[in-house]
Amino acid sequence: TYMPRPGDGATRNVTLIPGDGIGPLVTGAVEQVMDAMHAPINFQKYEVHGNMREIPEGVIESIRENQVCIKGGLMTPVGGGVSSLNVHLRKELDLFASLVHCINVDGLPTRHKNVDIVVIRENTEGEYAGLEHEVVPGVVESLKVITKFCSERIAKYAFEYAHLNNRKKVTAVHKANIMKLADGLFLESCREIAAQYPSIEYNEVIVDNCCMQLVSKPEQFDVMVTPNLYGNLVSNVAAGNVGPDHAVFEQGASAGNVGKVEMVEEKKANPVALLLSSAMMLRHLQFPSFADRLETAVKRVIEEGNFTTKDLGGDCTTQKVVDAVIAHLD
Amino acid sequence: SFLRRLSTTTPITATLFPGDGIGPEIADSVKQIFKTAQIPIEWEEHYVGTEVDPRTQSFLTWESLESVRRNKVGLKGPMATPIGKGHRSLNLTLRKELNLYANVRPCFSLPGYKTRYDGVDLVTIRENTEGEYSGLEHQVVRGVVESIKIITRQASLRVAEHAFQYAKAHGRERVSAIHKANIMQKTDGLFLKCCREVAEKYPEIKYEEVVIDNCCMMLVKNPALFDVLVMPNLYGDIISDLCAGLIGGLGLTPSCNIGEGGIALAEAVHGSAPDIAGKNMANPTALLLSAVTMLRHLELNEKADQIQNAVMNTIAEGKYRTVDLGGKSSTSDFTQAICDHL
Ligand SMILES: Nc1ncnc2c1ncn2[C@@H]1O[C@H](COP(=O)(O)OP(=O)(O)OP(=O)(O)O)[C@@H](O)[C@H]1O
Ligand SMILES: Nc1ncnc2c1ncn2[C@@H]1O[C@H](COP(=O)(O)OP(=O)(O)OP(=O)(O)O)[C@@H](O)[C@H]1O
Ligand SMILES: [Mg+2]
Ligand SMILES: [Mg+2]
């Protein structure tokens, strides 16, 4: 267990990107709550927006130095010719894994019980390689790239995660019956790593069947490891499953999370997902007692159900929820 | 066209592939129900051969394929592809030879059969010839492989056209194009562009675009949000299975393939279930509902409704259900119950 020692609370710098749409609203929530807890964190704020041509100077350097960044959504223009800034950030910093944890939260009625799924998604290659071209007018190609290096790296991350968190099973998601070489290489890498972790059960599931199983019997899954695109879909299916009419963990499930215009205007975005994500961040920074305090407060607010946003059945503004969380801090 | 054929009293000839495993049993069930409902269809039965036909490089014979081409309508039970080298899979042969470019799967809740979702009533339309399934893959260097996704204007227009036509013919209000054009700007971008072009020709039908990941989440939260969905190959594969999962699995989902020159080949998408073959236990619902999509394609809508209602009522009533739906009925008792409900 973690024992706070004097001097251990040295302040850590964290890069903060409020982003677009509801981004500033929900990152603002995190700032306020961190402040109320006197968490030893110093935010370095940078303005980045989805319509920028490139990431402004200093941002990447700041993230590199701090090694930790919290960010609201960046709008991705559809078909605008500028490649997604989110993808750019991921590539630049080699953020190779995306981790989405879908779990039932007490107090929220859901379609499925006992869901506790961790989706670990390869985040740098695959269908998101951005290699596309027009062969002749009316015929375009897009390349999906799978490498042994990235596949092994993500598989290792998944098994190591499973091992450290006492998870029993890792499921690889693929479509190797059709993409024999590409998804085949992904599976081959997973199998090799699986062999190094004999105590963890390993199995494989085809992506279409996987989604069918996820909506009918999600309890059967534990840790899932996937190439880029399938991970995006699987995590959205899984996240949708644990929400009532709407999911709590959308912030985790989507990279963009820009939100609807009305939600931004009325300042009614749900800050819960980003608050829970920042608890993950506190844990990552080895401030577990702060993480626990934050999580407990958030969970209590949800359980009591008096201060929730529209997606969870209430009608509160972001600020009301933030105030409630702060009031519930021990 | 078909309308002309319908005005005469001569029956329509349709090709029937009973298939393997439970196939013949559930095909018998369809035949019996069609007969009882007095549907003017004459079946031309074809079985998968025991040897590879050199003209098709497959166990499917040239005559079988000709039969579908001539009749332009067919119904196919599950087929187990024999294992071994030197021949093409049966499904691939059918798809390539008949150029089955769109896969249409209506997906609706069966009243009385409780799943976690009610009120689902949507149709997925999947492009079925290109995209991620092009089969073009290569190794660049050791440990690095590439797989090519191809999107063409021709195939995209064709499937979009079918989606809007389908929506119009079936009184549907909305078509949603599913994509990931924020990431695959050129390929999915082209697909969207084609959908938009076609949408303009159908001003009475609402058109919208939904990013695939968002679509997944919306489907599991509230599937009633969707009407007709049209999408490239891989997304269609995933979304159609996801939708089948919402209403209780492949044993209940109908499917119909649309090919060049107006061919419609309806099929059950479940497997041949060798474990229960010949035991009078199989559930014929998926094949039957697929046959219903065939009737709709022939614009025999009244007959289609009659059969679909009989199936729904039989299942809703709950007295006769096959084992997979938690009942104890045999295939023949369930079939008889449907006939009684006609
Ligand atoms: N914090 C939040 N509170 C309430 N609703 C939210 C929140 N975040 C997202 N939403 C809603 O969830 C839906 C999905 O939003 P999201 O921004 O993830 O879109 P997306 O198209 O999936 O983006 P991406 O490209 O990142 O995947 C939208 O209707 C949005 O308004
Ligand atoms: N290399 C290839 N190139 C083109 N098509 C292929 C290739 N390999 C397989 N196919 C075909 O692609 C089709 C779709 O395959 P898919 O994996 O989606 O089938 P499935 O998921 O089992 O069936 P369904 O999606 O219809 O339930 C099949 O008909 C298969 O024969
Ligand atoms: Mg998203
Ligand atoms: Mg499939």
# chains A, B, ... in the order shown; residues from 1 in each chain; ligands from 1
$ select_by_dssp --residues "stretch 160-223 of chain A" --states "strand (DSSP E or B)" --output "PyMOL selection string"
chain A and resi 169-174+201-206+223
$ closest_atom_pairs --of "chain B" --to "ligand 2" --cutoff "6 Å" --atoms "only C-alpha atoms and all ligand atoms" --output "CSV"
residue,atom,partner,partner_atom_place_in_ligand_line,distance
B:Asn91,CA,ligand 2,29 (O),4.7
B:Leu92,CA,ligand 2,31 (O),3.8
B:Tyr133,CA,ligand 2,4 (C),4.9
B:Ser134,CA,ligand 2,3 (N),4.8
B:Gly135,CA,ligand 2,1 (N),3.6
B:Asp237,CA,ligand 2,25 (O),4.7
B:Val269,CA,ligand 2,27 (O),5.6
$ atom_distance --atom1 "atom CA of A:Tyr230" --atom2 "atom CA of A:Ile55"
26.9 Å
$ residues_near_ligand --ligand "ligand 4" --cutoff "10 Å" --atoms "only C-alpha atoms and all ligand atoms" --output "PyMOL selection string"
(chain A and resi 175+206-209+212) or (chain B and resi 233-242+269)
$ write_last_selection --atoms "all heavy atoms" --output "compact mmCIF listing (two decimals), in the first residue's frame"
# COMPACT_ATOMS: atom_id res chain seq x y z
N LYS A 175 -10.05 -10.09 -37.84
CA LYS A 175 -10.83 -10.55 -39.00
C LYS A 175 -9.85 -11.28 -39.91
O LYS A 175 -9.72 -11.00 -41.10
CB LYS A 175 -11.48 -9.35 -39.71
CG LYS A 175 -12.43 -9.71 -40.82
CD LYS A 175 -13.83 -10.05 -40.34
CE LYS A 175 -14.62 -10.78 -41.41
NZ LYS A 175 -15.98 -11.16 -40.97
N ILE A 206 -13.62 -13.34 -33.83
CA ILE A 206 -13.74 -12.55 -35.05
C ILE A 206 -14.60 -11.32 -34.77
O ILE A 206 -15.59 -11.40 -34.04
CB ILE A 206 -14.35 -13.40 -36.18
CG1 ILE A 206 -13.43 -14.59 -36.46
CG2 ILE A 206 -14.52 -12.58 -37.45
CD1 ILE A 206 -13.86 -15.47 -37.59
N VAL A 207 -14.21 -10.19 -35.32
CA VAL A 207 -14.78 -8.92 -34.89
C VAL A 207 -16.30 -8.83 -35.05
O VAL A 207 -16.99 -8.30 -34.17
CB VAL A 207 -14.07 -7.72 -35.59
CG1 VAL A 207 -14.19 -7.79 -37.09
CG2 VAL A 207 -14.59 -6.40 -35.07
N ASP A 208 -16.88 -9.38 -36.13
CA ASP A 208 -18.34 -9.27 -36.27
C ASP A 208 -19.04 -10.09 -35.20
O ASP A 208 -19.97 -9.63 -34.54
CB ASP A 208 -18.82 -9.61 -37.69
CG ASP A 208 -18.24 -10.90 -38.24
OD1 ASP A 208 -17.24 -11.39 -37.68
OD2 ASP A 208 -18.76 -11.41 -39.24
N ASN A 209 -18.54 -11.31 -34.99
CA ASN A 209 -19.10 -12.14 -33.94
C ASN A 209 -18.90 -11.49 -32.57
O ASN A 209 -19.78 -11.52 -31.71
CB ASN A 209 -18.43 -13.52 -33.98
CG ASN A 209 -19.02 -14.47 -32.97
OD1 ASN A 209 -20.20 -14.39 -32.66
ND2 ASN A 209 -18.20 -15.34 -32.44
N MET A 212 -21.54 -9.04 -31.86
CA MET A 212 -22.80 -9.72 -31.56
C MET A 212 -22.80 -10.22 -30.12
O MET A 212 -23.77 -10.04 -29.38
CB MET A 212 -23.01 -10.89 -32.52
CG MET A 212 -24.33 -11.56 -32.29
SD MET A 212 -24.94 -12.72 -33.51
CE MET A 212 -23.76 -12.83 -34.75
N ASN B 233 -18.18 -2.50 -46.94
CA ASN B 233 -18.14 -3.92 -46.60
C ASN B 233 -17.87 -4.27 -45.13
O ASN B 233 -18.71 -4.89 -44.48
CB ASN B 233 -17.07 -4.57 -47.49
CG ASN B 233 -17.39 -6.01 -47.81
OD1 ASN B 233 -18.16 -6.65 -47.10
ND2 ASN B 233 -16.84 -6.52 -48.89
N LEU B 234 -16.73 -3.85 -44.60
CA LEU B 234 -16.37 -4.25 -43.23
C LEU B 234 -17.35 -3.71 -42.19
O LEU B 234 -17.78 -4.43 -41.29
CB LEU B 234 -14.95 -3.77 -42.90
CG LEU B 234 -14.48 -4.00 -41.46
CD1 LEU B 234 -14.21 -5.47 -41.21
CD2 LEU B 234 -13.22 -3.20 -41.15
N TYR B 235 -17.71 -2.44 -42.33
CA TYR B 235 -18.65 -1.86 -41.37
C TYR B 235 -19.97 -2.62 -41.42
O TYR B 235 -20.62 -2.85 -40.41
CB TYR B 235 -18.90 -0.37 -41.65
CG TYR B 235 -17.65 0.46 -41.82
CD1 TYR B 235 -17.65 1.60 -42.60
CD2 TYR B 235 -16.47 0.09 -41.20
CE1 TYR B 235 -16.51 2.37 -42.77
CE2 TYR B 235 -15.31 0.85 -41.37
CZ TYR B 235 -15.34 1.98 -42.15
OH TYR B 235 -14.22 2.72 -42.32
N GLY B 236 -20.38 -2.99 -42.64
CA GLY B 236 -21.63 -3.71 -42.82
C GLY B 236 -21.58 -5.08 -42.17
O GLY B 236 -22.55 -5.54 -41.57
N ASP B 237 -20.43 -5.72 -42.29
CA ASP B 237 -20.25 -7.03 -41.68
C ASP B 237 -20.44 -6.92 -40.17
O ASP B 237 -21.19 -7.67 -39.55
CB ASP B 237 -18.83 -7.52 -42.02
CG ASP B 237 -18.59 -8.95 -41.58
OD1 ASP B 237 -19.57 -9.66 -41.32
OD2 ASP B 237 -17.41 -9.34 -41.49
N ILE B 238 -19.77 -5.93 -39.57
CA ILE B 238 -19.81 -5.76 -38.13
C ILE B 238 -21.19 -5.29 -37.66
O ILE B 238 -21.78 -5.87 -36.74
CB ILE B 238 -18.72 -4.77 -37.68
CG1 ILE B 238 -17.34 -5.36 -37.99
CG2 ILE B 238 -18.85 -4.43 -36.21
CD1 ILE B 238 -16.18 -4.42 -37.77
N ILE B 239 -21.71 -4.27 -38.30
CA ILE B 239 -22.99 -3.70 -37.86
C ILE B 239 -24.14 -4.69 -38.04
O ILE B 239 -25.04 -4.79 -37.21
CB ILE B 239 -23.30 -2.39 -38.61
CG1 ILE B 239 -22.24 -1.33 -38.29
CG2 ILE B 239 -24.69 -1.87 -38.29
CD1 ILE B 239 -22.31 -0.75 -36.91
N SER B 240 -24.13 -5.46 -39.13
CA SER B 240 -25.25 -6.38 -39.34
C SER B 240 -25.25 -7.47 -38.27
O SER B 240 -26.30 -7.88 -37.79
CB SER B 240 -25.23 -6.98 -40.74
OG SER B 240 -24.05 -7.70 -40.97
N ASP B 241 -24.06 -7.93 -37.88
CA ASP B 241 -24.00 -8.92 -36.80
C ASP B 241 -24.39 -8.31 -35.46
O ASP B 241 -25.08 -8.94 -34.66
CB ASP B 241 -22.60 -9.53 -36.70
CG ASP B 241 -22.45 -10.74 -37.61
OD1 ASP B 241 -23.25 -10.84 -38.56
OD2 ASP B 241 -21.57 -11.57 -37.37
N LEU B 242 -23.95 -7.09 -35.24
CA LEU B 242 -24.31 -6.41 -33.99
C LEU B 242 -25.84 -6.31 -33.89
O LEU B 242 -26.43 -6.61 -32.84
CB LEU B 242 -23.67 -5.02 -33.98
CG LEU B 242 -23.63 -4.23 -32.68
CD1 LEU B 242 -22.57 -3.15 -32.78
CD2 LEU B 242 -24.94 -3.59 -32.32
N VAL B 269 -28.39 -16.90 -42.84
CA VAL B 269 -26.97 -16.65 -42.62
C VAL B 269 -26.37 -17.53 -41.54
O VAL B 269 -25.18 -17.48 -41.28
CB VAL B 269 -26.69 -15.17 -42.28
CG1 VAL B 269 -26.80 -14.34 -43.53
CG2 VAL B 269 -27.63 -14.66 -41.21
$ atom_distance --atom1 "atom CA of A:Ala10" --atom2 "atom CA of A:Thr296"
23.5 Å
$ closest_residue --among "B:Phe17, B:Phe191, B:Trp43, B:Phe108" --to "chain A" --atoms "only C-alpha atoms"
B:Phe191
$ select_by_dssp --residues "stretch 117-294 of chain B" --states "alpha helix (DSSP H)" --output "ChimeraX atom specification"
/B:153-169,187-200,212-221,233-247,285-294
$ closest_residue --among "B:Asp340, B:Glu299, B:Glu209, B:Asp333" --to "ligand 1" --atoms "only C-alpha atoms and all ligand atoms"
B:Glu209
$ closest_atom_pairs --of "chain B" --to "ligand 3" --cutoff "8 Å" --atoms "only C-alpha atoms and all ligand atoms" --output "JSON lines"
{"residue": "B:Val211", "atom": "CA", "partner": "ligand 3", "partner_atom_place_in_ligand_line": "1 (Mg)", "distance": 7.4}
{"residue": "B:Asp213", "atom": "CA", "partner": "ligand 3", "partner_atom_place_in_ligand_line": "1 (Mg)", "distance": 5.2}
{"residue": "B:Asn214", "atom": "CA", "partner": "ligand 3", "partner_atom_place_in_ligand_line": "1 (Mg)", "distance": 5.1}
$ interface_residues --of "chain B" --to "chain A" --cutoff "7 Å" --atoms "only C-alpha atoms" --output "NGL selection string"
:B and (116 or 133 or 135 or 137 or 143-153 or 181-187 or 189 or 213 or 216-217 or 220-221 or 237-238 or 241-242 or 244-246)
$ residues_around --residues "stretch 77-80 of chain B" --least-positions-apart "4" --cutoff "9 Å" --atoms "only C-alpha atoms" --output "list in words"
Leu16, Phe17, Pro18, Gly19, Asp20, Gly21, Ile22, Gly23, Pro24, Ile26, Ala27, Val48, Leu90, Asn91, Ala266, Glu267, Ala268, Val269, His270, Gly271, Ser272, Ala273 and Leu287 of chain B
$ write_last_selection --atoms "C-alpha atoms" --output "short mmCIF file (atom, residue, chain, number, x, y, z; two decimals), in the first residue's frame"
data_model
loop_
_atom_site.label_atom_id
_atom_site.label_comp_id
_atom_site.auth_asym_id
_atom_site.auth_seq_id
_atom_site.Cartn_x
_atom_site.Cartn_y
_atom_site.Cartn_z
CA LEU B 16 -33.91 -23.36 -54.16
CA PHE B 17 -30.67 -24.56 -52.59
CA PRO B 18 -31.75 -26.61 -49.57
CA GLY B 19 -28.08 -26.83 -48.56
CA ASP B 20 -26.42 -29.08 -46.00
CA GLY B 21 -27.01 -30.18 -42.42
CA ILE B 22 -30.31 -28.82 -41.18
CA GLY B 23 -30.81 -27.18 -44.61
CA PRO B 24 -33.15 -29.76 -46.16
CA ILE B 26 -35.84 -26.06 -42.84
CA ALA B 27 -36.25 -25.89 -46.64
CA VAL B 48 -24.25 -28.80 -54.16
CA LEU B 90 -19.41 -21.80 -52.12
CA ASN B 91 -20.33 -18.37 -50.86
CA ALA B 266 -32.22 -14.79 -50.16
CA GLU B 267 -30.29 -16.84 -47.63
CA ALA B 268 -30.21 -17.96 -44.05
CA VAL B 269 -26.97 -16.65 -42.62
CA HIS B 270 -26.63 -19.22 -39.87
CA GLY B 271 -24.59 -22.38 -40.26
CA SER B 272 -25.57 -25.92 -41.18
CA ALA B 273 -25.66 -27.04 -37.51
CA LEU B 287 -34.80 -19.17 -43.75
#
$ closest_residue --among "B:Asp53, B:Thr13, B:Glu25, B:Ala155" --to "B:Ile41" --atoms "only C-alpha atoms"
B:Thr13
$ residues_around --residues "B:Gln165" --least-positions-apart "5" --cutoff "9 Å" --atoms "only C-alpha atoms" --output "PDB file with C-alpha atoms, in the first residue's frame"
ATOM      1  CA  ALA B 160     -26.399   3.643 -52.434  1.00  0.00           C
ATOM      2  CA  HIS B 170     -40.714  -0.185 -48.419  1.00  0.00           C
ATOM      3  CA  TYR B 202     -34.707  11.035 -53.533  1.00  0.00           C
TER       4      TYR B 202
END
$ atom_distance --atom1 "atom CA of A:Met224" --atom2 "atom CA of A:Glu152"
14.4 Å
$ residues_around --residues "A:Val223" --least-positions-apart "2" --cutoff "9 Å" --atoms "only C-alpha atoms" --output "JSON, numbers by chain"
{"A": [116, 117, 118, 119, 120, 158, 159, 161, 162, 167, 168, 169, 170, 171, 172, 221, 225]}
$ write_last_selection --atoms "N, CA, C and O atoms" --output "PDB file, in the first residue's frame"
ATOM      1  N   ASP A 116     -17.382  -5.845 -16.873  1.00  0.00           N
ATOM      2  CA  ASP A 116     -16.111  -5.290 -16.418  1.00  0.00           C
ATOM      3  C   ASP A 116     -15.086  -5.615 -17.496  1.00  0.00           C
ATOM      4  O   ASP A 116     -14.380  -6.606 -17.432  1.00  0.00           O
ATOM      5  N   ILE A 117     -15.104  -4.773 -18.515  1.00  0.00           N
ATOM      6  CA  ILE A 117     -14.294  -5.049 -19.699  1.00  0.00           C
ATOM      7  C   ILE A 117     -13.238  -3.970 -19.873  1.00  0.00           C
ATOM      8  O   ILE A 117     -13.535  -2.793 -19.740  1.00  0.00           O
ATOM      9  N   VAL A 118     -12.023  -4.395 -20.164  1.00  0.00           N
ATOM     10  CA  VAL A 118     -10.976  -3.435 -20.496  1.00  0.00           C
ATOM     11  C   VAL A 118     -10.593  -3.645 -21.965  1.00  0.00           C
ATOM     12  O   VAL A 118     -10.193  -4.744 -22.346  1.00  0.00           O
ATOM     13  N   VAL A 119     -10.791  -2.613 -22.773  1.00  0.00           N
ATOM     14  CA  VAL A 119     -10.422  -2.722 -24.185  1.00  0.00           C
ATOM     15  C   VAL A 119      -9.077  -2.029 -24.374  1.00  0.00           C
ATOM     16  O   VAL A 119      -8.938  -0.849 -24.072  1.00  0.00           O
ATOM     17  N   ILE A 120      -8.101  -2.785 -24.852  1.00  0.00           N
ATOM     18  CA  ILE A 120      -6.775  -2.220 -25.097  1.00  0.00           C
ATOM     19  C   ILE A 120      -6.558  -2.198 -26.604  1.00  0.00           C
ATOM     20  O   ILE A 120      -6.527  -3.241 -27.259  1.00  0.00           O
ATOM     21  N   ALA A 158      -1.095  -5.529 -23.109  1.00  0.00           N
ATOM     22  CA  ALA A 158      -2.354  -6.140 -22.663  1.00  0.00           C
ATOM     23  C   ALA A 158      -2.109  -7.237 -21.633  1.00  0.00           C
ATOM     24  O   ALA A 158      -2.777  -7.299 -20.603  1.00  0.00           O
ATOM     25  N   PHE A 159      -1.151  -8.103 -21.914  1.00  0.00           N
ATOM     26  CA  PHE A 159      -0.892  -9.202 -20.978  1.00  0.00           C
ATOM     27  C   PHE A 159      -0.285  -8.690 -19.676  1.00  0.00           C
ATOM     28  O   PHE A 159      -0.610  -9.166 -18.587  1.00  0.00           O
ATOM     29  N   TYR A 161      -0.843  -5.764 -18.412  1.00  0.00           N
ATOM     30  CA  TYR A 161      -1.975  -5.141 -17.715  1.00  0.00           C
ATOM     31  C   TYR A 161      -2.804  -6.216 -17.004  1.00  0.00           C
ATOM     32  O   TYR A 161      -3.153  -6.083 -15.834  1.00  0.00           O
ATOM     33  N   ALA A 162      -3.097  -7.290 -17.743  1.00  0.00           N
ATOM     34  CA  ALA A 162      -3.901  -8.371 -17.176  1.00  0.00           C
ATOM     35  C   ALA A 162      -3.196  -8.963 -15.953  1.00  0.00           C
ATOM     36  O   ALA A 162      -3.808  -9.188 -14.907  1.00  0.00           O
ATOM     37  N   ARG A 167      -6.272  -9.967 -13.815  1.00  0.00           N
ATOM     38  CA  ARG A 167      -7.300 -10.325 -14.785  1.00  0.00           C
ATOM     39  C   ARG A 167      -7.052 -11.748 -15.255  1.00  0.00           C
ATOM     40  O   ARG A 167      -5.920 -12.208 -15.305  1.00  0.00           O
ATOM     41  N   LYS A 168      -8.145 -12.433 -15.642  1.00  0.00           N
ATOM     42  CA  LYS A 168      -8.019 -13.857 -15.939  1.00  0.00           C
ATOM     43  C   LYS A 168      -7.809 -14.165 -17.421  1.00  0.00           C
ATOM     44  O   LYS A 168      -7.242 -15.180 -17.774  1.00  0.00           O
ATOM     45  N   LYS A 169      -8.343 -13.293 -18.278  1.00  0.00           N
ATOM     46  CA  LYS A 169      -8.426 -13.697 -19.681  1.00  0.00           C
ATOM     47  C   LYS A 169      -8.122 -12.527 -20.614  1.00  0.00           C
ATOM     48  O   LYS A 169      -8.518 -11.407 -20.353  1.00  0.00           O
ATOM     49  N   VAL A 170      -7.431 -12.813 -21.709  1.00  0.00           N
ATOM     50  CA  VAL A 170      -7.210 -11.813 -22.753  1.00  0.00           C
ATOM     51  C   VAL A 170      -7.805 -12.348 -24.056  1.00  0.00           C
ATOM     52  O   VAL A 170      -7.548 -13.486 -24.434  1.00  0.00           O
ATOM     53  N   THR A 171      -8.630 -11.535 -24.697  1.00  0.00           N
ATOM     54  CA  THR A 171      -9.255 -11.942 -25.956  1.00  0.00           C
ATOM     55  C   THR A 171      -8.738 -11.053 -27.087  1.00  0.00           C
ATOM     56  O   THR A 171      -8.827  -9.831 -27.000  1.00  0.00           O
ATOM     57  N   ALA A 172      -8.202 -11.661 -28.127  1.00  0.00           N
ATOM     58  CA  ALA A 172      -7.746 -10.877 -29.288  1.00  0.00           C
ATOM     59  C   ALA A 172      -8.878 -10.796 -30.309  1.00  0.00           C
ATOM     60  O   ALA A 172      -9.536 -11.790 -30.607  1.00  0.00           O
ATOM     61  N   PHE A 221     -16.508 -11.322 -21.458  1.00  0.00           N
ATOM     62  CA  PHE A 221     -15.227 -10.708 -21.810  1.00  0.00           C
ATOM     63  C   PHE A 221     -14.526 -10.100 -20.609  1.00  0.00           C
ATOM     64  O   PHE A 221     -15.162  -9.636 -19.664  1.00  0.00           O
ATOM     65  N   VAL A 225      -7.806  -7.226 -26.590  1.00  0.00           N
ATOM     66  CA  VAL A 225      -6.721  -6.526 -27.277  1.00  0.00           C
ATOM     67  C   VAL A 225      -7.043  -6.494 -28.768  1.00  0.00           C
ATOM     68  O   VAL A 225      -7.462  -7.494 -29.332  1.00  0.00           O
TER      69      VAL A 225
END
